[in-house]
Amino acid sequence: MALPPEEALAATGATVRAATPDDPDTRAAGLGRLTPRWVALPESTEQVSALMRAATEHDLAVVPAGGGSKLGWGPPPERCDLLLTTRRMDHVLEHAAGDLVARVEAGVRTEALAATLAAAGQELALDVPVEGATVGGTLATATAGPRRLRYGTARDLLIGITVVLADGTIARSGGKVVKNVAGYDLGKLFTGSLGTLGVITEATFRLHPLPAARAWITVTVPGPADLPDLAALAGSQTEPSAVEVDRPSAGGPLTLAALFEGVAAAGRAEAARALLGPAAVTGPEPPPWWGRAPGEEFLLELRVRPAGAVPALAAVSRAAREAGDLPVHLRGSAASAVLHLALPADAAPARAEAFVSALRSGLGAHGGRLVVWTAPADAAARLDRFGPSGAATLMRRVKERFDPDDRLSPGRLPASARPGPALEDPAPSGDRAPRGESVPAGHPAPPEGPGTQGEGERT
Amino acid sequence: MTPVSASAGPSGRVSGLVGGLTAILGAEAVITDPVRLRTYESDGLTYHRATPGVVVLPETAEQVAAVVRLCTRTGTPFVARGSGTGLSGGALPRADGVLIVTSRMRRIIEIDIGNRLSVVEPGVTNLAISEAARPYGYYYAPDPSSRQVCSIGGNVAENSGGAHCLKYGFTVNHVLAIEMVAPDGEIVELDAMDPGYDLLGAFIGSEGTLGIATKITVRLSRLPETVTTLLAAFVSVEAGGRAVSAIIGAGIVPAAIEMMDALAIEAAEAAVHCEYPAGAGAVLIVELDGPGAEVAHQFAEVERICRESGATELRVADDVAEREAIWRGRRSAFAAVGRISPAYLVQDGVVPRTALPEVLAGIERLSRRYGIRVANVFHAGDGNLHPLVLFDDAEEGAGERAERVSGEILDLCLEHGGSITGEHGVGVDKSRHMTKMFSPEDLDTMQLVRCAFDPANLSNPGKIFPTPRLCGEVPGVRKGVHPLVASGEAELF
């Protein structure tokens with residue numbers, strides 16, 4: 001404990017520098033008004049481990065980051081002394097083309113990885129909805145795109161992971177074979193962990209051959225009632241890889257587009273006309289909006305069961321109307337029923353709140369989820385970002401075991417899953433809060449909101 | 001070989017639970033009769049046996065939860081069991097514990113085609129789900145060879161695969177939600193739609209150590225438009241292996257690619273008269289499915305590749321009966337080796353597909369060195385080997401040699417960057433090999449997950465992990481020395 005924190009961090013061998021208020025690594029980083037004291041740019045898993053040991057020794061809060069494209073996703077961290085960015089860990093460590101497997105460092109950009117793999121006629125069949133994403137950030141936020149319908153999401157394609165825990169422990173699970181059930185799958189746990197369980201430093205993925213051809217079929221209709229039968233399309237023997245919808249305004253027309261992959265893609269897209277109608281257009285290029293989130297500053301994600309997709313479209317329109325005709329741009333995976341909603345960044349907080357609560361209560365019957373990924377600060381203060389979850393208690397217990405000091409991205413988790421003094425006794429008693437009511441009564445509010453910059457001074 | 005057997009006879013503590021269990025379930029669902037208990041003393045891996053302290057047959061999640069709460073209150077270990085077809089001793093009972101058998105929880109609650117899902121109880125068999133969905137043109141994709149009898153709850157515990165997981169993935173890729181009884185007796189819903197840690201994914205494949213699934217929502221998949229199955233005979237596994245590499249290299253992902261070597265073919269022939277080409281050194285089964293136009297194209301490619309790789313005979317199945325004839329030999333392989341050997345061990349190691357030729361040559365060397373025959377049946381597409389190590393248990397020392405061959409095969413898999421188990425699970429059988437695959441830090445980190453779910457270590461203890469461990473208090477403050485630590489029986493974690 002002899003060294004002051006900046007020297008301890010420097011002694012890790014990683015590049016560590018003081019952060020500045022307009023630091024490029026943190027400015028756009030969605031840390032709220034929080035400015036970290038230092039930025040670390042490690043180049044190896046071992047350096048990340050050394051940094052975490054130093055952070056533990058000096059009680060520093062650490063926020064892991066990749067490309068920074070989604071650092072604003074989820075509630076802003078309550079404390080951040082050290083921003084740990086993986087962007088210098090950007091090597092594709094191994095591409096075993098014959099095994100359809102690639103092992104990469106977490107800081108590799110998904111676009112760069114795609115270029116490397118394409119040279120061998122392969123791909124990681126995972127679409128990312130925002131530009132500039134790294135592999136690590138994609139895993140930590142569990143983002144996926146249109147082709148989730150056919151290939152699943154990041155958790156389905158991840159076969160091995162290396163992480164560094166809050167205390168510096170380096171742990172691996174899985175491996176570099178696709179079929180493997182030895183031990184717990186830590187990769188699953190870290191998918192969607194938002195930087196709260198550890199730092200993802202390496203990942204191994206199963207790959208797919210690039211399809212010989214791609215073709216799309218697109219149709220625009222006046223309203224949800226005019227949509228083709230989504231269940232029939234998803235279950236059609238034309239086997240679409242993705243079925244997406246785009247609706248720029250809540251009451252307006254919708255465009256539906258389906259992707260087909262394979263040697264016979266064009267013919268299958270044409271065959272889908274039987275379901276989409278004569279007005280549909282086929283071609284080798286996607287519509288311009290394909291695969292991108294409809295907005296970044298105020299972005300919501302709606303998840304329902306597949307048959308709930310069309311009712312959800314109506315529920316969104318209704319909620320938008322009830323919130324004083326709030327403009328809502330909807331886009332997403334119609335057949336998988338994962339829809340992104342972009343609200344205007346200058347939406348009045350009260351109207352945004354009304355929209356979210358109207359939509360959540362409208363979901364009740366279908367058991368869907370509404371996540372508020374990003375929101376302007378004033379609106380964010382009024383919104384429950386994640387909604388209720390039956391797994392909240394277990395998530396909190398996992399967090400406590402992995403990061404007992406709440407050092408990693410404190411406050412990022414669903415509030416109900418955050419460690420706190422009001423822990424329930426894990427002993428069985430039957431007096432636990434009923435399922436679904438995941439926020440225990442009397443759970444303490446976070447000590448202070450975002451912007452507690454002084455927290456960084458408490459070393 | 002001496003069977004490993006825990007001492008029989010319910011301990012005083014377990015017999016003290018019988019009253020409580022009877023109050024929860026009724027006397028008829030609580031088994032204490034020693035003769036009936038014996039039915040449950042092993043799973044599919046009969047080499048490991050233990051007579052359970054008591055067996056219960058709950059019918060509802062609430063009953064499972066009440067039993068688990070009773071166990072937790074009394075510090076009694078509990079083990080869940082489905083159909084008992086597991087091949088790693090994952091459902092091996094405890095003489096000092098309660099065995100919770102899900103065989104009475106076999107309702108298919110819902111087939112929901114609009115949502116492409118089915119909701120089932122854990123005791124439902126894998127195949128029953130597909131049969132219930134078939135009239136609608138759908139099925140449940142993971143297809144372990146034991147699918148006629150294995151339970152979906154057991155599939156969840158083991159993250160079961162099957163021949164078709166090459167294209168379609170494993171149980172974890174097809175389960176949308178689980179209602180489970182956590183080790184503290186709470187009923188918890190894990191749902192893929194939940195934001196945050198993928199606890200659903202972490203739970204699947206945890207071999208019963210993180211709780212007991214009581215209701216499972218599975219994804220249903222559309223039955224493919226076209227299925228074509230091809231059987232190709234080769235002079236050697238090397239030649240067949242070259243064909244596999246070429247198929248994958250051509251950018252084709254078949255639904256399944258299976259291989260059997262000469263000894264496995266001989267066994268299958270003796271058992272089910274599958275009439276595979278006589279004298280073949282290896283047969284390859286390649287199944288293609290999907291839209292007709294795609295399958296037709298891929299089939300032409302696969303056929304060309306097999307011929308160029310030296311296939312001596314090609315057979316194509318175009319209808320269900322012909323396809324079943326091809327698969328019959330493959331599906332019977334495990335049981336079939338009983339026809340050519342009094343006893344055998346089955347392994348489940350995995351290697352990167354490109355390492356298959358080298359590893360198979362290594363297995364051949366081991367076989368010669370120890371004078372033990374090894375029949376190879378494997379999922380060639382994903383490098384999952386199922387070497388069947390044959391021996392005569394009447395012969396002095398043969399069992400030990402077979403064990404050694406079996407262990408060294410796993411070492412070989414690990415040397416080539418593989419895994420000790422692709423689909424059978426670790427259970428009790430392979431827990432001692434875990435330290436070869438994972439560092440102490442890796443295993444400690446996995447223990448953090450167990451401690452979060454099961455701090456008292458009562459849910460299927462002694463499985464997966466090589467060393468018993470205790471969970472520290474949360475957060476951090478430890479009081480005194482645990483008696484098991486003092487006695488050296490456990491390490492504090």
# chains A, B, ... in the order shown; residues from 1 in each chain; ligands from 1
>>> select_by_dssp(residues="region 245-365 of chain A", states="helix (DSSP H, G or I)", output="JSON, numbers by chain")
{"A": [265, 266, 267, 268, 269, 270, 271, 273, 274, 275, 276, 306, 307, 308, 309, 310, 311, 312, 313, 314, 315, 316, 317, 318, 319, 320, 321, 322, 349, 350, 351, 352, 353, 354, 355, 356, 357, 358, 359, 360, 361, 362, 363, 364, 365]}
>>> write_last_selection(atoms="C-alpha atoms", output="short mmCIF file (atom, residue, chain, number, x, y, z; two decimals), in the first residue's frame")
data_model
loop_
_atom_site.label_atom_id
_atom_site.label_comp_id
_atom_site.auth_asym_id
_atom_site.auth_seq_id
_atom_site.Cartn_x
_atom_site.Cartn_y
_atom_site.Cartn_z
CA ALA A 265 -31.49 -17.00 -52.11
CA ALA A 266 -32.98 -15.05 -55.02
CA GLY A 267 -35.47 -17.79 -55.86
CA ARG A 268 -36.49 -18.15 -52.22
CA ALA A 269 -37.00 -14.40 -51.88
CA GLU A 270 -39.18 -14.55 -54.98
CA ALA A 271 -41.11 -17.48 -53.50
CA ARG A 273 -43.88 -13.10 -52.60
CA ALA A 274 -46.72 -15.54 -52.06
CA LEU A 275 -46.80 -14.28 -48.47
CA LEU A 276 -45.82 -10.64 -49.01
CA PRO A 306 -43.11 -13.90 -31.50
CA ALA A 307 -46.91 -13.81 -31.66
CA GLY A 308 -46.77 -10.63 -29.59
CA ALA A 309 -44.97 -8.66 -32.30
CA VAL A 310 -48.03 -7.31 -34.11
CA PRO A 311 -49.95 -6.54 -30.89
CA ALA A 312 -46.76 -4.81 -29.70
CA LEU A 313 -46.79 -2.56 -32.78
CA ALA A 314 -50.31 -1.51 -31.86
CA ALA A 315 -49.34 -1.11 -28.19
CA VAL A 316 -46.48 1.21 -29.18
CA SER A 317 -48.81 3.38 -31.27
CA ARG A 318 -51.35 3.51 -28.44
CA ALA A 319 -48.72 4.38 -25.83
CA ALA A 320 -47.29 7.07 -28.13
CA ARG A 321 -50.78 8.56 -28.52
CA GLU A 322 -51.38 8.46 -24.77
CA PRO A 349 -39.34 13.71 -19.51
CA ALA A 350 -42.94 13.46 -18.31
CA ARG A 351 -44.14 12.36 -21.75
CA ALA A 352 -41.34 9.82 -22.03
CA GLU A 353 -42.24 8.47 -18.62
CA ALA A 354 -45.90 8.26 -19.59
CA PHE A 355 -44.95 6.37 -22.76
CA VAL A 356 -42.77 3.86 -20.93
CA SER A 357 -45.31 3.13 -18.23
CA ALA A 358 -48.20 2.89 -20.71
CA LEU A 359 -46.19 0.48 -22.83
CA ARG A 360 -45.07 -1.63 -19.87
CA SER A 361 -48.59 -1.99 -18.56
CA GLY A 362 -49.76 -2.82 -22.09
CA LEU A 363 -47.22 -5.65 -22.18
CA GLY A 364 -48.47 -7.30 -19.02
CA ALA A 365 -50.51 -10.01 -20.69
#
>>> closest_atom_pairs(of="chain A", to="chain B", cutoff="7 Å", atoms="only C-alpha atoms", output="CSV")
residue,atom,partner,partner_atom,distance
A:Gly98,CA,B:Thr354,CA,6.1
A:Asp99,CA,B:Arg353,CA,5.6
A:Asp156,CA,B:Asn173,CA,6.2
A:Thr169,CA,B:Glu441,CA,6.7
A:Ile170,CA,B:Glu441,CA,6.7
A:Ala171,CA,B:Asp442,CA,4.5
A:Arg172,CA,B:Asp442,CA,5.5
A:Ser173,CA,B:Asp442,CA,6.8
A:Lys176,CA,B:Gly417,CA,6.8
A:Val177,CA,B:Pro352,CA,5.6
A:Val178,CA,B:Asp382,CA,6.7
A:Lys179,CA,B:Gly422,CA,5.0
A:Asn180,CA,B:Gly422,CA,4.2
A:Val181,CA,B:Gly422,CA,5.4
A:Ala182,CA,B:Thr421,CA,5.7
A:Gly183,CA,B:Ile464,CA,6.5
A:Tyr184,CA,B:Ser206,CA,6.0
A:Asp185,CA,B:Ala202,CA,5.6
A:Leu186,CA,B:Ala202,CA,6.9
A:Lys188,CA,B:Asp198,CA,5.3
A:Leu189,CA,B:Asp198,CA,5.0
A:Phe190,CA,B:Tyr197,CA,6.2
A:Thr191,CA,B:Tyr197,CA,6.2
A:Gly192,CA,B:Gly196,CA,4.9
A:Ser193,CA,B:Tyr197,CA,5.0
A:Pro209,CA,B:Gly251,CA,4.9
A:Ala231,CA,B:Gly114,CA,6.1
A:Gly235,CA,B:Arg222,CA,5.9
A:Gln237,CA,B:Glu225,CA,5.8
A:Thr238,CA,B:Pro291,CA,6.2
A:Glu239,CA,B:Pro291,CA,6.9
A:Gly262,CA,B:Glu294,CA,6.8
A:Val263,CA,B:Glu294,CA,6.3
A:Ala264,CA,B:Glu294,CA,5.9
A:Arg303,CA,B:Met193,CA,6.3
A:Arg305,CA,B:Asn115,CA,6.0
A:Pro306,CA,B:Asn115,CA,5.0
A:Ala307,CA,B:Asn115,CA,5.1
A:Arg369,CA,B:Met193,CA,6.6
A:Phe386,CA,B:Pro195,CA,6.9
A:Ser389,CA,B:Asp194,CA,6.4
A:Gly390,CA,B:Glu189,CA,5.3
A:Ala391,CA,B:Leu190,CA,5.8
A:Leu394,CA,B:Phe453,CA,6.8
A:Met395,CA,B:Tyr197,CA,6.8
A:Arg397,CA,B:Ala452,CA,5.1
A:Val398,CA,B:Ala452,CA,5.1
A:Arg401,CA,B:Leu448,CA,5.7
A:Phe402,CA,B:Leu448,CA,6.5
A:Pro404,CA,B:Pro475,CA,6.0
A:Pro426,CA,B:Asp184,CA,7.0
A:Ala427,CA,B:Asp184,CA,6.5
A:Pro428,CA,B:Asp184,CA,5.3
>>> residues_around(residues="Glu297 (chain A)", least_positions_apart="5", cutoff="10 Å", atoms="only C-alpha atoms", output="ChimeraX atom specification")
/A:30,72-73,342-346,373-376
>>> atom_distance(atom1="CA of Gly44 (chain B)", atom2="CA of Ala333 (chain B)")
15.2 Å
>>> select_by_dssp(residues="region 165-331 of chain A", states="strand (DSSP E or B)", output="ChimeraX atom specification")
/A:170-174,199-206,208-209,214-221,242-247,254-261,281-283,299-303,329-331
>>> write_last_selection(atoms="N, CA and C atoms", output="short mmCIF file (atom, residue, chain, number, x, y, z; two decimals), in the first residue's frame")
data_model
loop_
_atom_site.label_atom_id
_atom_site.label_comp_id
_atom_site.auth_asym_id
_atom_site.auth_seq_id
_atom_site.Cartn_x
_atom_site.Cartn_y
_atom_site.Cartn_z
N ILE A 170 -7.66 -14.08 -13.20
CA ILE A 170 -7.91 -14.37 -14.62
C ILE A 170 -8.63 -15.71 -14.71
N ALA A 171 -9.78 -15.73 -15.33
CA ALA A 171 -10.54 -16.97 -15.43
C ALA A 171 -10.97 -17.22 -16.85
N ARG A 172 -10.96 -18.50 -17.22
CA ARG A 172 -11.40 -18.90 -18.56
C ARG A 172 -12.49 -19.94 -18.43
N SER A 173 -13.39 -19.95 -19.37
CA SER A 173 -14.31 -21.08 -19.45
C SER A 173 -14.58 -21.38 -20.91
N GLY A 174 -15.20 -22.53 -21.15
CA GLY A 174 -15.40 -22.96 -22.52
C GLY A 174 -14.08 -23.36 -23.12
N VAL A 199 -13.87 -7.91 -16.44
CA VAL A 199 -13.49 -7.35 -17.73
C VAL A 199 -13.32 -8.51 -18.71
N ILE A 200 -14.07 -8.47 -19.79
CA ILE A 200 -13.92 -9.49 -20.83
C ILE A 200 -12.65 -9.15 -21.61
N THR A 201 -11.69 -10.09 -21.69
CA THR A 201 -10.45 -9.76 -22.40
C THR A 201 -10.25 -10.58 -23.68
N GLU A 202 -10.86 -11.77 -23.74
CA GLU A 202 -10.76 -12.58 -24.95
C GLU A 202 -12.05 -13.34 -25.16
N ALA A 203 -12.34 -13.62 -26.41
CA ALA A 203 -13.54 -14.41 -26.69
C ALA A 203 -13.27 -15.32 -27.88
N THR A 204 -13.88 -16.48 -27.85
CA THR A 204 -13.77 -17.43 -28.95
C THR A 204 -15.18 -17.70 -29.49
N PHE A 205 -15.31 -17.64 -30.80
CA PHE A 205 -16.62 -17.77 -31.43
C PHE A 205 -16.65 -18.91 -32.43
N ARG A 206 -17.83 -19.48 -32.57
CA ARG A 206 -18.04 -20.37 -33.70
C ARG A 206 -18.39 -19.49 -34.90
N HIS A 208 -19.51 -19.11 -39.24
CA HIS A 208 -20.30 -19.73 -40.29
C HIS A 208 -19.66 -19.40 -41.64
N PRO A 209 -19.86 -20.28 -42.63
CA PRO A 209 -19.40 -19.92 -43.97
C PRO A 209 -20.23 -18.74 -44.48
N ARG A 214 -27.09 -13.44 -51.15
CA ARG A 214 -28.12 -12.90 -50.27
C ARG A 214 -29.17 -12.21 -51.12
N ALA A 215 -30.41 -12.29 -50.68
CA ALA A 215 -31.47 -11.59 -51.38
C ALA A 215 -32.51 -11.12 -50.38
N TRP A 216 -33.10 -9.96 -50.68
CA TRP A 216 -34.12 -9.41 -49.80
C TRP A 216 -35.44 -9.28 -50.53
N ILE A 217 -36.51 -9.35 -49.77
CA ILE A 217 -37.81 -8.98 -50.30
C ILE A 217 -38.40 -7.94 -49.34
N THR A 218 -38.95 -6.89 -49.92
CA THR A 218 -39.39 -5.75 -49.12
C THR A 218 -40.79 -5.31 -49.55
N VAL A 219 -41.60 -4.96 -48.56
CA VAL A 219 -42.92 -4.43 -48.89
C VAL A 219 -43.28 -3.34 -47.89
N THR A 220 -43.96 -2.29 -48.35
CA THR A 220 -44.42 -1.24 -47.45
C THR A 220 -45.94 -1.28 -47.39
N VAL A 221 -46.46 -1.25 -46.16
CA VAL A 221 -47.91 -1.35 -45.96
C VAL A 221 -48.38 -0.18 -45.08
N ALA A 242 -33.80 -13.53 -41.65
CA ALA A 242 -34.20 -12.38 -40.85
C ALA A 242 -35.48 -11.81 -41.42
N VAL A 243 -36.31 -11.29 -40.53
CA VAL A 243 -37.53 -10.59 -40.95
C VAL A 243 -37.60 -9.31 -40.11
N GLU A 244 -37.39 -8.17 -40.78
CA GLU A 244 -37.28 -6.90 -40.07
C GLU A 244 -38.41 -5.95 -40.43
N VAL A 245 -38.66 -5.04 -39.51
CA VAL A 245 -39.69 -4.04 -39.76
C VAL A 245 -39.13 -2.65 -39.45
N ASP A 246 -39.59 -1.66 -40.19
CA ASP A 246 -39.19 -0.27 -39.93
C ASP A 246 -40.44 0.60 -40.00
N ARG A 247 -40.66 1.39 -38.95
CA ARG A 247 -41.82 2.27 -38.92
C ARG A 247 -41.39 3.63 -38.38
N LEU A 254 -45.55 1.06 -42.53
CA LEU A 254 -44.45 0.19 -42.11
C LEU A 254 -43.81 -0.45 -43.33
N THR A 255 -42.51 -0.69 -43.21
CA THR A 255 -41.83 -1.47 -44.24
C THR A 255 -41.34 -2.77 -43.61
N LEU A 256 -41.66 -3.84 -44.28
CA LEU A 256 -41.22 -5.16 -43.82
C LEU A 256 -40.19 -5.67 -44.83
N ALA A 257 -39.09 -6.23 -44.33
CA ALA A 257 -38.07 -6.77 -45.23
C ALA A 257 -37.58 -8.11 -44.69
N ALA A 258 -37.40 -9.07 -45.58
CA ALA A 258 -36.90 -10.39 -45.17
C ALA A 258 -35.65 -10.72 -45.97
N LEU A 259 -34.70 -11.35 -45.29
CA LEU A 259 -33.42 -11.73 -45.89
C LEU A 259 -33.36 -13.24 -46.11
N PHE A 260 -32.83 -13.62 -47.26
CA PHE A 260 -32.61 -15.03 -47.55
C PHE A 260 -31.14 -15.23 -47.89
N GLU A 261 -30.57 -16.33 -47.42
CA GLU A 261 -29.14 -16.57 -47.64
C GLU A 261 -28.93 -17.97 -48.21
N VAL A 281 -40.98 -6.04 -53.37
CA VAL A 281 -39.84 -5.84 -54.27
C VAL A 281 -38.71 -6.75 -53.83
N THR A 282 -38.08 -7.46 -54.77
CA THR A 282 -36.94 -8.30 -54.39
C THR A 282 -35.66 -7.73 -54.98
N GLY A 283 -34.54 -8.06 -54.34
CA GLY A 283 -33.26 -7.58 -54.85
C GLY A 283 -32.11 -8.03 -53.99
N LEU A 299 -32.99 5.37 -26.67
CA LEU A 299 -33.25 4.10 -27.36
C LEU A 299 -33.82 3.06 -26.39
N LEU A 300 -34.95 2.52 -26.77
CA LEU A 300 -35.61 1.51 -25.97
C LEU A 300 -35.62 0.18 -26.73
N GLU A 301 -35.71 -0.91 -26.00
CA GLU A 301 -35.81 -2.22 -26.65
C GLU A 301 -36.98 -2.99 -26.07
N LEU A 302 -37.82 -3.42 -26.96
CA LEU A 302 -39.04 -4.14 -26.57
C LEU A 302 -38.88 -5.59 -26.97
N ARG A 303 -39.09 -6.49 -26.00
CA ARG A 303 -38.95 -7.91 -26.30
C ARG A 303 -40.25 -8.62 -25.92
N HIS A 329 -39.82 6.21 -33.39
CA HIS A 329 -39.34 5.49 -34.57
C HIS A 329 -39.07 4.04 -34.17
N LEU A 330 -39.83 3.12 -34.74
CA LEU A 330 -39.72 1.71 -34.38
C LEU A 330 -38.98 0.96 -35.49
N ARG A 331 -38.09 0.08 -35.07
CA ARG A 331 -37.39 -0.74 -36.05
C ARG A 331 -36.86 -1.99 -35.34
#
